[in-house]
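**Student:** Quick one, coords_36.pdb (PDB, C-alpha atoms):
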ATOM      1  CA  MET M  10       3.563 -13.521   7.484
ATOM      2  CA  SER M  11       0.725 -15.181   5.603
ATOM      3  CA  GLY M  12      -1.801 -13.393   3.423
ATOM      4  CA  PRO M  13      -1.726 -11.446   0.164
ATOM      5  CA  GLN M  14       1.705 -10.449  -1.069
ATOM      6  CA  ALA M  15       2.944  -7.839  -3.501
ATOM      7  CA  PRO M  16       4.334  -9.025  -6.823
ATOM      8  CA  PRO M  17       8.115  -9.388  -6.820
ATOM      9  CA  ALA M  18      10.286  -6.389  -7.582
ATOM     10  CA  GLY M  19      10.892  -6.016 -11.283
ATOM     11  CA  ALA M  20      12.911  -2.879 -11.973
ATOM     12  CA  PRO M  21      16.618  -2.602 -11.222
ATOM     13  CA  ALA M  22      17.494  -0.321  -8.319
ATOM     14  CA  ARG M  23      19.687   2.688  -8.831
ATOM     15  CA  ALA M  24      23.122   1.608  -7.707
ATOM     16  CA  GLY M  25      23.697   2.279  -4.041
ATOM     17  CA  ARG M  26      20.547   4.350  -3.555
ATOM     18  CA  PRO M  27      17.955   3.015  -1.079
ATOM     19  CA  ALA M  28      14.214   3.507  -1.445
ATOM     20  CA  ALA M  29      11.461   4.362   1.023
ATOM     21  CA  LEU M  30       7.665   4.444   1.032
ATOM     22  CA  VAL M  31       6.018   7.098   3.200
ATOM     23  CA  THR M  32       2.250   6.922   3.622
ATOM     24  CA  GLY M  33       0.333  10.115   4.257
ATOM     25  CA  ALA M  34       3.279  12.014   2.816
ATOM     26  CA  SER M  35       1.550  15.084   1.399
ATOM     27  CA  ARG M  36       1.825  17.161   4.592
ATOM     28  CA  GLY M  37       2.961  17.301   8.201
ATOM     29  CA  ILE M  38       5.117  14.483   9.516
ATOM     30  CA  GLY M  39       4.881  12.545   6.262
ATOM     31  CA  ARG M  40       6.114  15.442   4.174
ATOM     32  CA  ALA M  41       8.933  16.250   6.586
ATOM     33  CA  THR M  42       9.986  12.593   6.641
ATOM     34  CA  ALA M  43       9.977  12.263   2.854
ATOM     35  CA  LEU M  44      12.259  15.290   2.582
ATOM     36  CA  ALA M  45      14.537  14.094   5.392
ATOM     37  CA  LEU M  46      14.919  10.736   3.653
ATOM     38  CA  ALA M  47      15.700  12.459   0.346
ATOM     39  CA  ASP M  48      18.357  14.549   2.087
ATOM     40  CA  HIS M  49      19.814  11.278   3.364
ATOM     41  CA  GLY M  50      20.067   9.766  -0.124
ATOM     42  CA  TYR M  51      16.758   7.916  -0.472
ATOM     43  CA  ASP M  52      14.391   7.686  -3.388
ATOM     44  CA  VAL M  53      10.862   8.133  -2.044
ATOM     45  CA  ALA M  54       7.401   6.855  -2.888
ATOM     46  CA  VAL M  55       5.024   9.626  -1.805
ATOM     47  CA  ASN M  56       1.647   8.174  -0.846
ATOM     48  CA  HIS M  57      -1.536  10.185  -0.400
ATOM     49  CA  SER M  58      -5.260   9.514  -0.485
ATOM     50  CA  ALA M  59      -6.721  12.812  -1.686
ATOM     51  CA  SER M  60      -4.135  15.623  -1.839
ATOM     52  CA  ASP M  61      -2.627  15.112  -5.276
ATOM     53  CA  ALA M  62      -1.289  18.656  -5.736
ATOM     54  CA  ALA M  63       0.363  18.666  -2.300
ATOM     55  CA  ALA M  64       1.859  15.196  -2.883
ATOM     56  CA  ARG M  65       3.297  16.269  -6.228
ATOM     57  CA  GLN M  66       4.840  19.296  -4.546
ATOM     58  CA  VAL M  67       6.538  16.952  -2.066
ATOM     59  CA  ALA M  68       7.773  14.826  -4.971
ATOM     60  CA  ASP M  69       9.220  17.932  -6.626
ATOM     61  CA  GLU M  70      11.037  18.802  -3.393
ATOM     62  CA  VAL M  71      12.410  15.266  -3.171
ATOM     63  CA  ALA M  72      13.736  15.671  -6.715
ATOM     64  CA  GLU M  73      15.318  19.012  -5.821
ATOM     65  CA  ARG M  74      17.257  17.133  -3.138
ATOM     66  CA  GLY M  75      18.578  14.637  -5.662
ATOM     67  CA  GLY M  76      16.093  11.856  -5.038
ATOM     68  CA  ARG M  77      13.775  10.094  -7.407
ATOM     69  CA  ALA M  78      10.120  10.327  -6.382
ATOM     70  CA  VAL M  79       6.937   8.587  -7.409
ATOM     71  CA  VAL M  80       3.488   9.774  -6.300
ATOM     72  CA  ILE M  81       1.031   6.993  -5.471
ATOM     73  CA  ARG M  82      -2.591   7.670  -4.621
ATOM     74  CA  ALA M  83      -4.010   4.921  -2.411
ATOM     75  CA  ASP M  84      -6.339   4.662   0.559
ATOM     76  CA  VAL M  85      -4.323   2.535   2.980
ATOM     77  CA  ALA M  86      -7.531   0.944   4.276
ATOM     78  CA  ASP M  87      -8.229  -0.474   0.800
ATOM     79  CA  GLU M  88      -6.282  -3.728   0.525
ATOM     80  CA  ASP M  89      -6.449  -3.906  -3.267
ATOM     81  CA  ALA M  90      -5.141  -0.344  -3.562
ATOM     82  CA  VAL M  91      -2.373  -1.147  -1.098
ATOM     83  CA  LEU M  92      -1.275  -4.206  -3.079
ATOM     84  CA  ARG M  93      -1.165  -2.107  -6.233
ATOM     85  CA  MET M  94       0.896   0.507  -4.381
ATOM     86  CA  ALA M  95       3.428  -2.077  -3.213
ATOM     87  CA  ALA M  96       3.670  -3.439  -6.748
ATOM     88  CA  THR M  97       4.295   0.072  -8.089
ATOM     89  CA  VAL M  98       7.095   0.597  -5.579
ATOM     90  CA  GLY M  99       8.723  -2.625  -6.747
ATOM     91  CA  GLU M 100       8.333  -1.692 -10.405
ATOM     92  CA  GLU M 101       9.623   1.874  -9.968
ATOM     93  CA  PHE M 102      12.492   1.314  -7.534
ATOM     94  CA  GLY M 103      13.237  -2.407  -7.641
ATOM     95  CA  ARG M 104      13.682  -2.388  -3.872
ATOM     96  CA  LEU M 105      12.263  -1.083  -0.608
ATOM     97  CA  ASP M 106      14.546  -0.368   2.323
ATOM     98  CA  ALA M 107      12.259   1.656   4.576
ATOM     99  CA  LEU M 108       8.534   1.912   5.200
ATOM    100  CA  VAL M 109       7.034   4.783   7.192
ATOM    101  CA  ASN M 110       3.418   4.100   8.156
ATOM    102  CA  ASN M 111       2.304   7.667   8.761
ATOM    103  CA  ALA M 112      -1.171   7.890   7.218
ATOM    104  CA  GLY M 113      -3.765   8.699   9.859
ATOM    105  CA  VAL M 114      -7.139  10.326  10.427
ATOM    106  CA  THR M 115      -9.193  11.487  13.385
ATOM    107  CA  VAL M 116     -12.627  12.976  14.124
ATOM    108  CA  ASP M 117     -13.646  16.311  15.612
ATOM    109  CA  VAL M 118     -15.540  14.945  18.593
ATOM    110  CA  PRO M 119     -14.226  15.797  22.078
ATOM    111  CA  PRO M 120     -13.826  12.852  24.466
ATOM    112  CA  SER M 121     -16.337  14.491  26.813
ATOM    113  CA  ASP M 122     -19.151  14.045  24.270
ATOM    114  CA  LEU M 123     -19.699  10.297  23.961
ATOM    115  CA  GLU M 124     -23.113  10.610  22.345
ATOM    116  CA  ALA M 125     -21.823  12.727  19.452
ATOM    117  CA  LEU M 126     -19.435  10.031  18.268
ATOM    118  CA  ARG M 127     -20.817   8.046  15.333
ATOM    119  CA  MET M 128     -19.685   4.440  15.134
ATOM    120  CA  ALA M 129     -19.093   4.879  11.411
ATOM    121  CA  ASP M 130     -16.476   7.511  12.285
ATOM    122  CA  TRP M 131     -14.929   5.159  14.850
ATOM    123  CA  ASP M 132     -14.692   2.449  12.190
ATOM    124  CA  ARG M 133     -13.104   4.795   9.656
ATOM    125  CA  VAL M 134     -10.418   5.923  12.114
ATOM    126  CA  PHE M 135      -9.526   2.316  12.896
ATOM    127  CA  ALA M 136      -9.665   1.363   9.221
ATOM    128  CA  VAL M 137      -6.994   3.913   8.325
ATOM    129  CA  ASN M 138      -4.880   4.058  11.482
ATOM    130  CA  VAL M 139      -4.789   0.347  12.355
ATOM    131  CA  ARG M 140      -6.036  -1.814   9.463
ATOM    132  CA  GLY M 141      -4.169   0.427   7.020
ATOM    133  CA  LEU M 142      -0.891   0.116   8.885
ATOM    134  CA  PHE M 143      -1.177  -3.676   8.870
ATOM    135  CA  CYS M 144      -2.242  -3.860   5.213
ATOM    136  CA  VAL M 145       0.641  -1.701   4.018
ATOM    137  CA  THR M 146       3.205  -3.513   6.145
ATOM    138  CA  ARG M 147       2.057  -6.950   5.002
ATOM    139  CA  ALA M 148       2.033  -5.914   1.349
ATOM    140  CA  CYS M 149       5.565  -4.529   1.624
ATOM    141  CA  VAL M 150       7.119  -7.444   3.516
ATOM    142  CA  PRO M 151       8.406  -9.260   0.386
ATOM    143  CA  LEU M 152      10.295  -6.155  -0.762
ATOM    144  CA  LEU M 153      11.538  -5.349   2.733
ATOM    145  CA  ARG M 154      12.819  -8.876   3.322
ATOM    146  CA  ALA M 155      14.981  -8.541   0.216
ATOM    147  CA  ALA M 156      16.626  -5.357   1.543
ATOM    148  CA  PRO M 157      19.979  -5.582   3.358
ATOM    149  CA  ALA M 158      18.803  -3.637   6.432
ATOM    150  CA  ALA M 159      15.071  -2.991   6.281
ATOM    151  CA  ALA M 160      13.214  -0.809   8.758
ATOM    152  CA  VAL M 161       9.585   0.064   9.411
ATOM    153  CA  VAL M 162       8.613   3.086  11.481
ATOM    154  CA  ASN M 163       5.008   3.689  12.534
ATOM    155  CA  THR M 164       3.522   6.995  13.641
ATOM    156  CA  ALA M 165       1.800   6.469  16.976
ATOM    157  CA  SER M 166       1.002   9.286  19.422
ATOM    158  CA  ILE M 167       1.549  10.176  23.034
ATOM    159  CA  VAL M 168      -2.191   9.559  23.550
ATOM    160  CA  GLY M 169      -1.553   5.944  22.638
ATOM    161  CA  LEU M 170       0.564   5.714  25.781
ATOM    162  CA  ARG M 171      -1.240   7.968  28.261
ATOM    163  CA  PRO M 172      -4.599   9.782  28.435
ATOM    164  CA  GLY M 173      -4.925  13.044  26.540
ATOM    165  CA  PRO M 174      -7.537  15.418  25.104
ATOM    166  CA  GLN M 175      -7.919  13.511  21.838
ATOM    167  CA  PRO M 176     -11.079  11.831  20.496
ATOM    168  CA  PHE M 177     -11.640   8.286  21.754
ATOM    169  CA  PRO M 178     -11.189   6.459  18.434
ATOM    170  CA  TYR M 179      -7.951   8.307  17.672
ATOM    171  CA  ALA M 180      -6.442   7.595  21.087
ATOM    172  CA  ALA M 181      -7.536   3.958  21.007
ATOM    173  CA  SER M 182      -6.215   3.511  17.474
ATOM    174  CA  LYS M 183      -2.813   4.870  18.462
ATOM    175  CA  ALA M 184      -2.697   2.465  21.412
ATOM    176  CA  ALA M 185      -3.317  -0.263  18.839
ATOM    177  CA  VAL M 186      -0.421   1.097  16.751
ATOM    178  CA  VAL M 187       1.843   0.736  19.781
ATOM    179  CA  SER M 188       0.739  -2.880  20.221
ATOM    180  CA  LEU M 189       1.090  -3.658  16.508
ATOM    181  CA  THR M 190       4.589  -2.174  16.479
ATOM    182  CA  ARG M 191       5.780  -4.498  19.212
ATOM    183  CA  THR M 192       4.020  -7.536  17.785
ATOM    184  CA  LEU M 193       5.311  -6.930  14.269
ATOM    185  CA  ALA M 194       8.848  -6.468  15.596
ATOM    186  CA  GLY M 195       8.713 -10.003  16.945
ATOM    187  CA  ALA M 196       7.089 -11.420  13.828
ATOM    188  CA  LEU M 197       9.386  -9.779  11.271
ATOM    189  CA  GLY M 198      12.757  -9.971  13.007
ATOM    190  CA  PRO M 199      15.595 -10.446  12.415
ATOM    191  CA  ARG M 200      15.382  -9.264   8.787
ATOM    192  CA  ILE M 201      13.079  -6.273   9.395
ATOM    193  CA  ARG M 202      13.169  -3.879  12.343
ATOM    194  CA  VAL M 203       9.888  -2.263  13.431
ATOM    195  CA  ASN M 204       9.693   0.792  15.695
ATOM    196  CA  ALA M 205       7.332   3.704  16.285
ATOM    197  CA  VAL M 206       7.406   7.362  17.198
ATOM    198  CA  ALA M 207       4.896   8.915  19.592
ATOM    199  CA  PRO M 208       4.787  12.689  19.072
ATOM    200  CA  GLY M 209       3.400  15.010  21.703
ATOM    201  CA  TRP M 210       1.618  18.280  20.985
ATOM    202  CA  MET M 211       2.955  19.247  17.566
ATOM    203  CA  GLU M 212       2.972  22.694  16.038
ATOM    204  CA  GLY M 213       0.871  23.052  12.896
ATOM    205  CA  ASP M 214      -2.506  22.405  11.346
ATOM    206  CA  TRP M 215      -3.281  19.147  13.162
ATOM    207  CA  MET M 216      -3.214  20.691  16.650
ATOM    208  CA  ARG M 217      -4.642  23.977  15.359
ATOM    209  CA  THR M 218      -7.743  22.070  14.293
ATOM    210  CA  ARG M 219      -7.922  20.174  17.577
ATOM    211  CA  LEU M 220      -7.458  23.239  19.817
ATOM    212  CA  GLY M 221      -9.360  25.821  17.768
ATOM    213  CA  GLU M 222      -9.235  29.388  19.048
ATOM    214  CA  GLY M 223      -7.180  28.326  22.059
ATOM    215  CA  TYR M 224      -4.297  27.058  19.904
ATOM    216  CA  ASP M 225      -1.757  29.844  20.552
ATOM    217  CA  ARG M 226      -2.489  30.107  24.273
ATOM    218  CA  LEU M 227      -2.493  26.363  24.927
ATOM    219  CA  MET M 228       0.597  25.663  22.826
ATOM    220  CA  GLU M 229       2.481  28.454  24.606
ATOM    221  CA  ARG M 230       1.459  27.007  27.975
ATOM    222  CA  ARG M 231       2.603  23.536  26.907
ATOM    223  CA  ALA M 232       5.933  24.933  25.705
ATOM    224  CA  ARG M 233       6.547  26.614  29.089
ATOM    225  CA  ARG M 234       6.025  23.269  30.825
ATOM    226  CA  THR M 235       8.291  21.364  28.420
ATOM    227  CA  PRO M 236      11.930  20.867  29.508
ATOM    228  CA  LEU M 237      13.250  21.722  26.037
ATOM    229  CA  GLY M 238      11.203  24.924  25.981
ATOM    230  CA  ARG M 239       8.972  24.439  22.949
ATOM    231  CA  CYS M 240       6.453  22.086  21.378
ATOM    232  CA  VAL M 241       7.484  19.443  18.875
ATOM    233  CA  THR M 242       7.568  20.144  15.133
ATOM    234  CA  ALA M 243       7.092  17.829  12.167
ATOM    235  CA  GLN M 244      10.804  18.184  11.473
ATOM    236  CA  ASP M 245      11.625  16.954  15.002
ATOM    237  CA  VAL M 246       9.544  13.830  14.436
ATOM    238  CA  ALA M 247      11.049  13.280  10.992
ATOM    239  CA  ALA M 248      14.558  13.469  12.470
ATOM    240  CA  THR M 249      13.671  10.726  14.938
ATOM    241  CA  ILE M 250      12.112   8.569  12.206
ATOM    242  CA  LEU M 251      15.227   8.988  10.069
ATOM    243  CA  SER M 252      17.421   8.005  13.001
ATOM    244  CA  LEU M 253      15.377   4.859  13.636
ATOM    245  CA  ILE M 254      15.775   3.903   9.974
ATOM    246  CA  THR M 255      19.455   4.698   9.491
ATOM    247  CA  SER M 256      21.238   4.803  12.838
ATOM    248  CA  ASN M 257      19.792   2.216  15.222
ATOM    249  CA  PRO M 258      20.624  -1.236  13.808
ATOM    250  CA  PHE M 259      19.915  -3.098  17.078
ATOM    251  CA  VAL M 260      16.721  -1.297  18.112
ATOM    252  CA  THR M 261      13.340  -2.871  17.369
ATOM    253  CA  GLY M 262       9.958  -3.013  19.038
ATOM    254  CA  GLU M 263      10.451   0.403  20.642
ATOM    255  CA  VAL M 264       8.146   3.418  20.819
ATOM    256  CA  ILE M 265      10.110   6.676  20.997
ATOM    257  CA  VAL M 266       8.294   9.609  22.563
ATOM    258  CA  VAL M 267       9.054  12.901  20.814
ATOM    259  CA  ASP M 268       7.746  15.694  23.041
ATOM    260  CA  GLY M 269      10.748  17.540  24.432
ATOM    261  CA  GLY M 270      10.500  15.714  27.761
ATOM    262  CA  TYR M 271       6.974  16.871  28.659
ATOM    263  CA  SER M 272       5.446  13.463  29.362
ATOM    264  CA  ALA M 273       8.537  12.298  31.252
ATOM    265  CA  THR M 274       8.498  15.204  33.689
ATOM    266  CA  THR M 275       4.847  16.081  34.312
TER     267      THR M 275
END
What is this structure when it is put down as structure tokens?

**Tutor:**
Amino acid sequence: MSGPQAPPAGAPARAGRPAALVTGASRGIGRATALALADHGYDVAVNHSASDAAARQVADEVAERGGRAVVIRADVADEDAVLRMAATVGEEFGRLDALVNNAGVTVDVPPSDLEALRMADWDRVFAVNVRGLFCVTRACVPLLRAAPAAAVVNTASIVGLRPGPQPFPYAASKAAVVSLTRTLAGALGPRIRVNAVAPGWMEGDWMRTRLGEGYDRLMERRARRTPLGRCVTAQDVAATILSLITSNPFVTGEVIVVDGGYSATT
């Protein structure tokens, strides 16, 4: 791929220990993925944009699991910051085997209220969720190409595949993530695999904010209608991301829905 590139890796890697960069790793899916990777023997770069204390807590938990962690503050929509982040990964780990593009934002505007949506908010959602994913991936390509079996996993959403009660810019941005995943898989193969996960309604703060006072009732109703009997958790999504990185050497360009079978059966 053409465009700006990160400086070459400079520090020697720890023998036999792979390294991963997880964006938006201070909470939710990012946090769960960073810890799952550490449990699987990875060193982890923990990216965040504003939650320094939470990111450092994740780094401490990575260390407790035997991994080396580095905390990197960077807005993924800022290309200069992203290039510095990729350079730091190379300097700290000397390699990059896995990239998890998880950083994402949304707005609190229901899809029924078109007039309330500010175009500045639309632009910010796309800047982080779409531009940011591309910027980080492009900056990390030199390191990933040097890895023996590199993998990128993007966090999409079920609303990127089918309509749902999410704000317009968020849903549209996740549809773009699906498209980027498939396009990047073709552009970066065969050295780098690129896949995505598309979580359904996930337990925790993200959906609690979206559903407000109806959270418990609506999540319980969704769980009753889900074949596996509950809503997805961050740990469920992290397990799928880990599998796509470590256990699927001939899978690329795929979007794996993680919702307990809800979207496949309703």

**Student:** Could you pull the residues within 6 Å of M:Ala184, counting all atoms listed in the file, minus those fewer than 3 positions along the same chain, as a PyMOL selection string?

**Tutor:** chain M and resi 169+181+187

**Student:** Calculated over only C-alpha atoms, which of the candidates M:Gly223, M:Pro27, M:Pro174, M:Pro208 has the smallest distance to M:Thr249?

**Tutor:** M:Pro208

**Student:** Which residue out of M:Ala185, M:Ala28, M:Ala34, M:Met216 has the minimum interatomic distance to M:Asn110 when all atoms listed in the file are used?

**Tutor:**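 Going through M:Ala185, M:Ala28, M:Ala34, M:Met216 one by one, the smallest distance to M:Asn110 is for M:Ala34.
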
**Student:** Can you tell me how far atom CA of M:Met211 sits from atom CA of M:Asp268, in Å to one decimal?

**Tutor:**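 Atom CA of M:Asp268 lies at a distance of 8.1 Å from atom CA of M:Met211.
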
**Student:** Apply the PyMOL selection byres ((chain M and resi 132) around 12) to the structure shown and report the selected residues as a list in words.

**Tutor:**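 Against this file, the PyMOL selection byres ((chain M and resi 132) around 12) returns the residues Ala86, Val114, Thr115, Val116, Leu126, Arg127, Met128, Ala129, Asp130, Trp131, Arg133, Val134, Phe135, Ala136, Val137, Asn138, Val139, Arg140, Gly141, Phe177, Pro178, Tyr179, Ala181 and Ser182 of chain M.
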
**Student:** Would you write out, as number ranges by chain, every residue that the PyMOL selection byres ((chain M and resi 51) around 12) captures in this file?

**Tutor:** M: 22-31, 42-50, 52-55, 71-72, 74-78, 102, 104-108, 251, 254-255

**Student:** Create the file for the chosen residues now, containing C-alpha atoms and written as a compact mmCIF listing (two decimals), keeping the file's coordinate frame.

**Tutor:**
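For reference, out04.txt as written:
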# COMPACT_ATOMS: atom_id res chain seq x y z
CA ALA M 22 17.49 -0.32 -8.32
CA ARG M 23 19.69 2.69 -8.83
CA ALA M 24 23.12 1.61 -7.71
CA GLY M 25 23.70 2.28 -4.04
CA ARG M 26 20.55 4.35 -3.56
CA PRO M 27 17.95 3.02 -1.08
CA ALA M 28 14.21 3.51 -1.44
CA ALA M 29 11.46 4.36 1.02
CA LEU M 30 7.66 4.44 1.03
CA VAL M 31 6.02 7.10 3.20
CA THR M 42 9.99 12.59 6.64
CA ALA M 43 9.98 12.26 2.85
CA LEU M 44 12.26 15.29 2.58
CA ALA M 45 14.54 14.09 5.39
CA LEU M 46 14.92 10.74 3.65
CA ALA M 47 15.70 12.46 0.35
CA ASP M 48 18.36 14.55 2.09
CA HIS M 49 19.81 11.28 3.36
CA GLY M 50 20.07 9.77 -0.12
CA ASP M 52 14.39 7.69 -3.39
CA VAL M 53 10.86 8.13 -2.04
CA ALA M 54 7.40 6.86 -2.89
CA VAL M 55 5.02 9.63 -1.80
CA VAL M 71 12.41 15.27 -3.17
CA ALA M 72 13.74 15.67 -6.72
CA ARG M 74 17.26 17.13 -3.14
CA GLY M 75 18.58 14.64 -5.66
CA GLY M 76 16.09 11.86 -5.04
CA ARG M 77 13.78 10.09 -7.41
CA ALA M 78 10.12 10.33 -6.38
CA PHE M 102 12.49 1.31 -7.53
CA ARG M 104 13.68 -2.39 -3.87
CA LEU M 105 12.26 -1.08 -0.61
CA ASP M 106 14.55 -0.37 2.32
CA ALA M 107 12.26 1.66 4.58
CA LEU M 108 8.53 1.91 5.20
CA LEU M 251 15.23 8.99 10.07
CA ILE M 254 15.78 3.90 9.97
CA THR M 255 19.45 4.70 9.49

**Student:** Using all atoms listed in the file, find the one residue out of M:Ile81, M:Cys240, M:Val246, M:Ala160 that sits nearest to M:Thr146.

**Tutor:**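 So, comparing all the options, the nearest one is M:Ala160.
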